[in-house]
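Everything on this sheet refers to the single structure shown next.
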Amino acid sequence: CNGGLGNRILPFMTYAAIQKLTGVPVHLVWKATSACQADYSDLFEPSFVQADHVPRRAKHLYLPPLHPELTQFSPERLLRELEQGHDICLHGNLPSVNFYDVQAIKALAPISPIQDAIEAWKEKLKLSKRVLGVHARCSDFRKVEYYLEKRDRLLRWRRVFLTSDEDGIEAAFQHKLGARMSSRPKSHYVRKAVASHEAWRNNLIRSKASVQEAL
């Protein structure tokens, strides 16, 4: 894992599904980088087997659509390479429900200080199972109206808890939903509120504290 926080968490579901499908144990390599300046242990309890490094002679397999010009992953290719005695390094995640193991996300337990902060905010904001959680990334994926239309289909959700890395998006939701929306005040907004590729250039959480806050 060497991307931003979200792009490190998504592959957990894919790799857990691959592990179930093939029976091959998957080890996690997670190091702090400029894109995510926190080690795994700064965020989560040790719920996954970790490795310090990728073996030098490991073969690299890329999950589509990542780097289509490089060697692509398939369960058959993975098993074939392992039968030949190779260590394998997997990159990316598959955007398919068939390769998502949601239980893997539930196994990601935040360390005690972060979990305590989560519980405190849940109580302060009066969050419950009757509140719909929404993570909105509108500058590069969707418009506010897309999320609101989805919400309106689910009339049982009387309130929305919104997380976003854009202050403009939170303001737009607040304007539409008023008191029916809750969010947690944040110290860092790190994405430009523009719908262009340039938005990604500002999508770096630049300290361990801000990564922990994002989690």
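Each chain in the structure tokens gets a letter, A, B and so on, in the order shown; residues start at 1 in every chain, and ligands are counted from 1 in the order they appear.
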Set the distance at 7 Å and use only C-alpha atoms: which residues neighbour segment 83-86 of chain A once local chain neighbours fewer than 4 positions away are removed? I'd like the list as a compact mmCIF listing (two decimals) with C-alpha atoms, in the first residue's frame.
# COMPACT_ATOMS: atom_id res chain seq x y z
CA ALA A 58 8.76 -11.10 -6.17
CA LYS A 59 6.66 -11.07 -9.31
CA LEU A 79 -1.90 -19.84 -8.50
For segment 31-42 of chain A, please output as number ranges by chain all residues within 6 Å (counting only C-alpha atoms; exclusion window: fewer than 3 positions along the same chain).
A: 3-5, 204, 207-208
Could you please take those selected residues and save C-alpha atoms as a JSON list (two decimals), in the first residue's frame?
[["chain", "number", "residue", "atom", "x", "y", "z"],
["A", 3, "GLY", "CA", -1.29, 5.65, -1.98],
["A", 4, "GLY", "CA", -3.51, 7.89, 0.10],
["A", 5, "LEU", "CA", -5.55, 6.64, 3.04],
["A", 204, "LEU", "CA", -2.34, 14.67, 0.05],
["A", 207, "SER", "CA", 0.80, 14.81, 8.53],
["A", 208, "LYS", "CA", 0.22, 11.79, 10.73]]
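By only C-alpha atoms, and with residues fewer than 5 positions from Met181 of chain A along its chain excluded, the set lying at most 12 Å from it is A:Leu125, A:Lys126, A:Leu127, A:Val131, A:Leu132, A:Gly133, A:Val134, A:Leu148, A:Arg151, A:Trp157, A:Arg158, A:Arg159, A:Val160, A:Phe161, A:Leu162, A:Thr163, A:Glu170, A:Ala171, A:Ala172, A:Phe173, A:Gln174, A:His175, A:Lys176.
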Between atom CA of Ser164 of chain A and atom CA of His135 of chain A, distance in Å (one decimal)
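Result for atom CA of Ser164 of chain A versus atom CA of His135 of chain A: 5.8 Å, one decimal.
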Would you please extract all helix (DSSP H, G or I) residues from segment 41-127 of chain A, as assigned by DSSP on the backbone, and give them as a compact mmCIF listing (two decimals) with all heavy atoms, in the first residue's frame?
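part-v9.txt written:
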# COMPACT_ATOMS: atom_id res chain seq x y z
N SER A 41 0.25 0.87 12.19
CA SER A 41 0.10 0.82 13.65
C SER A 41 -0.30 2.17 14.24
O SER A 41 -0.72 2.24 15.40
CB SER A 41 1.40 0.33 14.30
OG SER A 41 2.49 1.18 13.96
N ASP A 42 -0.15 3.27 13.48
CA ASP A 42 -0.61 4.58 13.93
C ASP A 42 -2.12 4.72 13.82
O ASP A 42 -2.71 5.66 14.37
CB ASP A 42 0.03 5.70 13.09
CG ASP A 42 1.53 5.78 13.28
OD1 ASP A 42 1.99 5.58 14.42
OD2 ASP A 42 2.23 6.05 12.29
N PRO A 75 -6.96 -15.02 -10.86
CA PRO A 75 -6.74 -16.09 -9.88
C PRO A 75 -5.89 -17.21 -10.44
O PRO A 75 -5.03 -17.77 -9.75
CB PRO A 75 -8.16 -16.55 -9.56
CG PRO A 75 -9.02 -15.37 -9.83
CD PRO A 75 -8.39 -14.67 -11.00
N GLU A 76 -6.10 -17.54 -11.73
CA GLU A 76 -5.33 -18.63 -12.35
C GLU A 76 -3.86 -18.27 -12.46
O GLU A 76 -2.99 -19.10 -12.17
CB GLU A 76 -5.91 -18.94 -13.74
CG GLU A 76 -7.33 -19.46 -13.75
CD GLU A 76 -8.37 -18.37 -13.51
OE1 GLU A 76 -8.04 -17.18 -13.69
OE2 GLU A 76 -9.52 -18.74 -13.15
N ARG A 77 -3.59 -17.03 -12.85
CA ARG A 77 -2.18 -16.61 -12.98
C ARG A 77 -1.50 -16.60 -11.61
O ARG A 77 -0.36 -17.01 -11.47
CB ARG A 77 -2.09 -15.22 -13.60
CG ARG A 77 -0.64 -14.76 -13.86
CD ARG A 77 -0.59 -13.31 -14.30
NE ARG A 77 -1.22 -13.11 -15.58
CZ ARG A 77 -0.59 -13.28 -16.74
NH1 ARG A 77 0.67 -13.66 -16.77
NH2 ARG A 77 -1.22 -13.06 -17.87
N LEU A 78 -2.23 -16.13 -10.59
CA LEU A 78 -1.67 -16.10 -9.24
C LEU A 78 -1.28 -17.51 -8.79
O LEU A 78 -0.16 -17.73 -8.31
CB LEU A 78 -2.69 -15.50 -8.27
CG LEU A 78 -2.32 -15.53 -6.78
CD1 LEU A 78 -1.10 -14.67 -6.51
CD2 LEU A 78 -3.49 -15.07 -5.92
N LEU A 79 -2.19 -18.46 -8.94
CA LEU A 79 -1.90 -19.84 -8.50
C LEU A 79 -0.78 -20.45 -9.32
O LEU A 79 0.07 -21.18 -8.78
CB LEU A 79 -3.17 -20.68 -8.61
CG LEU A 79 -4.29 -20.30 -7.63
CD1 LEU A 79 -5.56 -21.08 -7.93
CD2 LEU A 79 -3.86 -20.54 -6.19
N ARG A 80 -0.73 -20.14 -10.61
CA ARG A 80 0.32 -20.68 -11.46
C ARG A 80 1.69 -20.17 -11.03
O ARG A 80 2.66 -20.94 -10.95
CB ARG A 80 0.04 -20.31 -12.92
CG ARG A 80 1.00 -20.98 -13.91
CD ARG A 80 0.50 -20.83 -15.34
NE ARG A 80 0.38 -19.44 -15.76
CZ ARG A 80 -0.76 -18.83 -16.01
NH1 ARG A 80 -1.91 -19.47 -15.83
NH2 ARG A 80 -0.78 -17.57 -16.41
N GLU A 81 1.78 -18.88 -10.75
CA GLU A 81 3.05 -18.30 -10.32
C GLU A 81 3.48 -18.88 -8.97
O GLU A 81 4.66 -19.14 -8.73
CB GLU A 81 2.94 -16.78 -10.24
CG GLU A 81 2.66 -16.09 -11.56
CD GLU A 81 3.87 -16.08 -12.48
OE1 GLU A 81 4.94 -16.58 -12.10
OE2 GLU A 81 3.74 -15.56 -13.61
N LEU A 82 2.52 -19.06 -8.06
CA LEU A 82 2.85 -19.61 -6.75
C LEU A 82 3.31 -21.06 -6.87
O LEU A 82 4.23 -21.49 -6.16
CB LEU A 82 1.63 -19.52 -5.83
CG LEU A 82 1.25 -18.10 -5.38
CD1 LEU A 82 -0.10 -18.11 -4.70
CD2 LEU A 82 2.31 -17.52 -4.44
N GLU A 83 2.70 -21.84 -7.77
CA GLU A 83 3.13 -23.22 -7.98
C GLU A 83 4.56 -23.29 -8.48
O GLU A 83 5.27 -24.27 -8.24
CB GLU A 83 2.19 -23.91 -8.96
CG GLU A 83 0.82 -24.24 -8.37
CD GLU A 83 -0.16 -24.73 -9.42
OE1 GLU A 83 0.23 -24.78 -10.62
OE2 GLU A 83 -1.30 -25.07 -9.05
N VAL A 97 -17.99 -6.08 -7.11
CA VAL A 97 -18.51 -6.63 -5.86
C VAL A 97 -18.07 -8.08 -5.69
O VAL A 97 -17.98 -8.59 -4.57
CB VAL A 97 -20.06 -6.51 -5.84
CG1 VAL A 97 -20.70 -7.44 -6.85
CG2 VAL A 97 -20.60 -6.77 -4.44
N ASN A 98 -17.78 -8.78 -6.80
CA ASN A 98 -17.33 -10.16 -6.71
C ASN A 98 -15.96 -10.27 -6.05
O ASN A 98 -15.58 -11.35 -5.60
CB ASN A 98 -17.29 -10.80 -8.10
CG ASN A 98 -18.66 -10.90 -8.72
OD1 ASN A 98 -19.64 -11.10 -8.02
ND2 ASN A 98 -18.74 -10.74 -10.03
N PHE A 99 -15.22 -9.17 -6.05
CA PHE A 99 -13.90 -9.19 -5.45
C PHE A 99 -13.82 -8.26 -4.25
O PHE A 99 -12.76 -7.73 -3.95
CB PHE A 99 -12.83 -8.83 -6.49
CG PHE A 99 -12.41 -10.00 -7.32
CD1 PHE A 99 -12.97 -10.21 -8.56
CD2 PHE A 99 -11.48 -10.91 -6.85
CE1 PHE A 99 -12.60 -11.29 -9.33
CE2 PHE A 99 -11.11 -12.00 -7.61
CZ PHE A 99 -11.66 -12.20 -8.85
N VAL A 102 -16.49 -7.39 2.34
CA VAL A 102 -16.80 -6.27 3.23
C VAL A 102 -16.38 -6.59 4.66
O VAL A 102 -16.05 -5.69 5.44
CB VAL A 102 -18.30 -5.92 3.15
CG1 VAL A 102 -18.65 -4.81 4.13
CG2 VAL A 102 -18.67 -5.51 1.74
N GLN A 103 -16.37 -7.87 5.03
CA GLN A 103 -15.97 -8.24 6.38
C GLN A 103 -14.53 -7.81 6.67
O GLN A 103 -14.16 -7.59 7.82
CB GLN A 103 -16.12 -9.76 6.58
CG GLN A 103 -17.55 -10.25 6.47
CD GLN A 103 -18.48 -9.57 7.46
OE1 GLN A 103 -18.14 -9.38 8.62
NE2 GLN A 103 -19.67 -9.21 7.00
N ALA A 104 -13.72 -7.70 5.61
CA ALA A 104 -12.33 -7.27 5.81
C ALA A 104 -12.25 -5.86 6.36
O ALA A 104 -11.38 -5.54 7.17
CB ALA A 104 -11.56 -7.36 4.49
N ILE A 105 -13.18 -5.00 5.95
CA ILE A 105 -13.21 -3.64 6.47
C ILE A 105 -13.60 -3.64 7.94
O ILE A 105 -13.06 -2.89 8.76
CB ILE A 105 -14.17 -2.77 5.65
CG1 ILE A 105 -13.64 -2.58 4.23
CG2 ILE A 105 -14.39 -1.42 6.31
CD1 ILE A 105 -12.33 -1.84 4.15
N LYS A 106 -14.55 -4.51 8.30
CA LYS A 106 -14.97 -4.59 9.69
C LYS A 106 -13.85 -5.06 10.60
O LYS A 106 -13.86 -4.79 11.81
CB LYS A 106 -16.18 -5.51 9.81
CG LYS A 106 -17.43 -4.99 9.13
CD LYS A 106 -18.61 -5.92 9.33
CE LYS A 106 -19.86 -5.35 8.68
NZ LYS A 106 -21.04 -6.23 8.87
N SER A 112 -7.05 2.51 20.08
CA SER A 112 -7.93 2.99 21.15
C SER A 112 -8.16 4.51 21.13
O SER A 112 -9.32 4.95 21.25
CB SER A 112 -7.38 2.56 22.51
OG SER A 112 -7.42 1.16 22.63
N PRO A 113 -7.13 5.36 21.00
CA PRO A 113 -7.41 6.81 21.02
C PRO A 113 -8.35 7.24 19.89
O PRO A 113 -9.20 8.11 20.10
CB PRO A 113 -6.02 7.43 20.86
CG PRO A 113 -5.07 6.39 21.34
CD PRO A 113 -5.68 5.08 20.93
N ILE A 114 -8.21 6.64 18.70
CA ILE A 114 -9.07 7.00 17.59
C ILE A 114 -10.48 6.47 17.83
O ILE A 114 -11.47 7.16 17.60
CB ILE A 114 -8.49 6.48 16.26
CG1 ILE A 114 -7.17 7.20 15.96
CG2 ILE A 114 -9.48 6.69 15.11
CD1 ILE A 114 -6.46 6.70 14.70
N GLN A 115 -10.59 5.22 18.29
CA GLN A 115 -11.91 4.65 18.55
C GLN A 115 -12.63 5.43 19.64
O GLN A 115 -13.84 5.66 19.55
CB GLN A 115 -11.78 3.18 18.97
CG GLN A 115 -13.10 2.45 19.11
CD GLN A 115 -13.90 2.43 17.81
OE1 GLN A 115 -13.35 2.12 16.75
NE2 GLN A 115 -15.18 2.77 17.88
N ASP A 116 -11.91 5.86 20.67
CA ASP A 116 -12.52 6.66 21.74
C ASP A 116 -13.06 7.98 21.18
O ASP A 116 -14.15 8.44 21.57
CB ASP A 116 -11.50 6.95 22.85
CG ASP A 116 -11.13 5.70 23.63
OD1 ASP A 116 -11.85 4.68 23.51
OD2 ASP A 116 -10.11 5.73 24.34
N ALA A 117 -12.30 8.59 20.27
CA ALA A 117 -12.76 9.85 19.65
C ALA A 117 -14.00 9.60 18.80
O ALA A 117 -14.93 10.41 18.79
CB ALA A 117 -11.64 10.45 18.81
N ILE A 118 -14.02 8.47 18.08
CA ILE A 118 -15.20 8.13 17.27
C ILE A 118 -16.43 7.98 18.16
O ILE A 118 -17.51 8.51 17.86
CB ILE A 118 -14.94 6.83 16.48
CG1 ILE A 118 -13.89 7.08 15.39
CG2 ILE A 118 -16.24 6.31 15.85
CD1 ILE A 118 -13.41 5.81 14.70
N GLU A 119 -16.28 7.25 19.27
CA GLU A 119 -17.42 7.02 20.16
C GLU A 119 -17.90 8.34 20.76
O GLU A 119 -19.12 8.55 20.92
CB GLU A 119 -17.02 6.04 21.27
CG GLU A 119 -16.70 4.64 20.77
CD GLU A 119 -17.85 3.99 20.04
OE1 GLU A 119 -19.03 4.24 20.42
OE2 GLU A 119 -17.60 3.24 19.07
N ALA A 120 -16.97 9.23 21.09
CA ALA A 120 -17.35 10.52 21.66
C ALA A 120 -18.16 11.34 20.66
O ALA A 120 -19.16 11.98 21.02
CB ALA A 120 -16.11 11.29 22.11
N TRP A 121 -17.75 11.32 19.39
CA TRP A 121 -18.48 12.07 18.38
C TRP A 121 -19.82 11.43 18.06
O TRP A 121 -20.80 12.12 17.79
CB TRP A 121 -17.63 12.23 17.11
CG TRP A 121 -16.69 13.38 17.23
CD1 TRP A 121 -15.34 13.34 17.47
CD2 TRP A 121 -17.02 14.76 17.14
NE1 TRP A 121 -14.83 14.60 17.54
CE2 TRP A 121 -15.83 15.49 17.33
CE3 TRP A 121 -18.21 15.45 16.91
CZ2 TRP A 121 -15.81 16.88 17.30
CZ3 TRP A 121 -18.19 16.84 16.88
CH2 TRP A 121 -16.99 17.54 17.07
N LYS A 122 -19.88 10.09 18.09
CA LYS A 122 -21.17 9.42 17.89
C LYS A 122 -22.18 9.88 18.93
O LYS A 122 -23.34 10.14 18.62
CB LYS A 122 -20.98 7.89 17.96
CG LYS A 122 -20.42 7.27 16.71
CD LYS A 122 -20.09 5.81 16.91
CE LYS A 122 -21.29 4.99 17.31
NZ LYS A 122 -20.95 3.56 17.47
N GLU A 123 -21.72 9.97 20.18
CA GLU A 123 -22.62 10.39 21.25
C GLU A 123 -22.98 11.86 21.10
O GLU A 123 -24.15 12.25 21.26
CB GLU A 123 -21.96 10.14 22.60
CG GLU A 123 -22.83 10.49 23.78
CD GLU A 123 -22.19 10.11 25.11
OE1 GLU A 123 -21.18 9.39 25.12
OE2 GLU A 123 -22.73 10.55 26.14
N LYS A 124 -22.00 12.69 20.78
CA LYS A 124 -22.25 14.13 20.67
C LYS A 124 -23.22 14.44 19.54
O LYS A 124 -24.09 15.31 19.67
CB LYS A 124 -20.92 14.86 20.45
CG LYS A 124 -21.06 16.37 20.39
CD LYS A 124 -19.70 17.05 20.35
CE LYS A 124 -19.85 18.57 20.37
NZ LYS A 124 -18.53 19.25 20.41
N LEU A 125 -23.08 13.72 18.40
CA LEU A 125 -23.93 13.98 17.24
C LEU A 125 -25.20 13.13 17.24
O LEU A 125 -25.99 13.22 16.31
CB LEU A 125 -23.14 13.71 15.96
CG LEU A 125 -21.94 14.64 15.72
CD1 LEU A 125 -21.14 14.16 14.52
CD2 LEU A 125 -22.39 16.07 15.50
Can you tell me, as a PyMOL selection string, which residues in segment 29-80 of chain A count as strand (DSSP E) by DSSP?
chain A and resi 59-62
Preceding selection exported with all heavy atoms as an mmCIF file, in the first residue's frame:
data_model
loop_
_atom_site.group_PDB
_atom_site.id
_atom_site.type_symbol
_atom_site.label_atom_id
_atom_site.label_comp_id
_atom_site.auth_asym_id
_atom_site.auth_seq_id
_atom_site.Cartn_x
_atom_site.Cartn_y
_atom_site.Cartn_z
ATOM 1 N N LYS A 59 7.311 -11.441 -8.060
ATOM 2 C CA LYS A 59 6.661 -11.073 -9.310
ATOM 3 C C LYS A 59 5.501 -10.130 -8.994
ATOM 4 O O LYS A 59 4.764 -10.337 -8.030
ATOM 5 C CB LYS A 59 6.154 -12.311 -10.040
ATOM 6 C CG LYS A 59 7.272 -13.164 -10.625
ATOM 7 C CD LYS A 59 6.818 -13.831 -11.898
ATOM 8 C CE LYS A 59 7.993 -14.410 -12.644
ATOM 9 N NZ LYS A 59 7.579 -14.984 -13.954
ATOM 10 N N HIS A 60 5.330 -9.112 -9.824
ATOM 11 C CA HIS A 60 4.318 -8.092 -9.581
ATOM 12 C C HIS A 60 3.127 -8.319 -10.502
ATOM 13 O O HIS A 60 3.267 -8.425 -11.715
ATOM 14 C CB HIS A 60 4.904 -6.698 -9.804
ATOM 15 C CG HIS A 60 5.986 -6.357 -8.819
ATOM 16 N ND1 HIS A 60 5.774 -5.527 -7.747
ATOM 17 C CD2 HIS A 60 7.282 -6.757 -8.743
ATOM 18 C CE1 HIS A 60 6.900 -5.413 -7.044
ATOM 19 N NE2 HIS A 60 7.823 -6.156 -7.636
ATOM 20 N N LEU A 61 1.935 -8.400 -9.895
ATOM 21 C CA LEU A 61 0.691 -8.541 -10.653
ATOM 22 C C LEU A 61 -0.184 -7.328 -10.369
ATOM 23 O O LEU A 61 -0.327 -6.916 -9.225
ATOM 24 C CB LEU A 61 -0.052 -9.825 -10.260
ATOM 25 C CG LEU A 61 0.653 -11.157 -10.525
ATOM 26 C CD1 LEU A 61 -0.247 -12.321 -10.104
ATOM 27 C CD2 LEU A 61 1.027 -11.293 -12.000
ATOM 28 N N TYR A 62 -0.778 -6.778 -11.424
ATOM 29 C CA TYR A 62 -1.566 -5.553 -11.317
ATOM 30 C C TYR A 62 -3.035 -5.867 -11.584
ATOM 31 O O TYR A 62 -3.368 -6.522 -12.568
ATOM 32 C CB TYR A 62 -1.050 -4.511 -12.306
ATOM 33 C CG TYR A 62 0.349 -4.060 -11.984
ATOM 34 C CD1 TYR A 62 1.451 -4.806 -12.403
ATOM 35 C CD2 TYR A 62 0.577 -2.921 -11.216
ATOM 36 C CE1 TYR A 62 2.746 -4.415 -12.080
ATOM 37 C CE2 TYR A 62 1.860 -2.520 -10.889
ATOM 38 C CZ TYR A 62 2.941 -3.279 -11.324
ATOM 39 O OH TYR A 62 4.209 -2.887 -10.996
#
Nearest candidate to Phe12 of chain A (options A:Leu43, A:Leu108, A:Val54, A:Asp87; using only C-alpha atoms)
A:Leu108
In Å and to one decimal, atom CA of Ala16 of chain A is distant from atom CA of Glu45 of chain A by 17.0 Å
Excluding Ala51 of chain A and its own-chain neighbours fewer than 3 positions away, which residues fall within 9 Å of it when counting only C-alpha atoms? Please give them as a PyMOL selection string.
chain A and resi 27-30+54
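Here atom CA of Asp152 of chain A is placed at a distance of 29.6 Å from atom CA of Glu213 of chain A.
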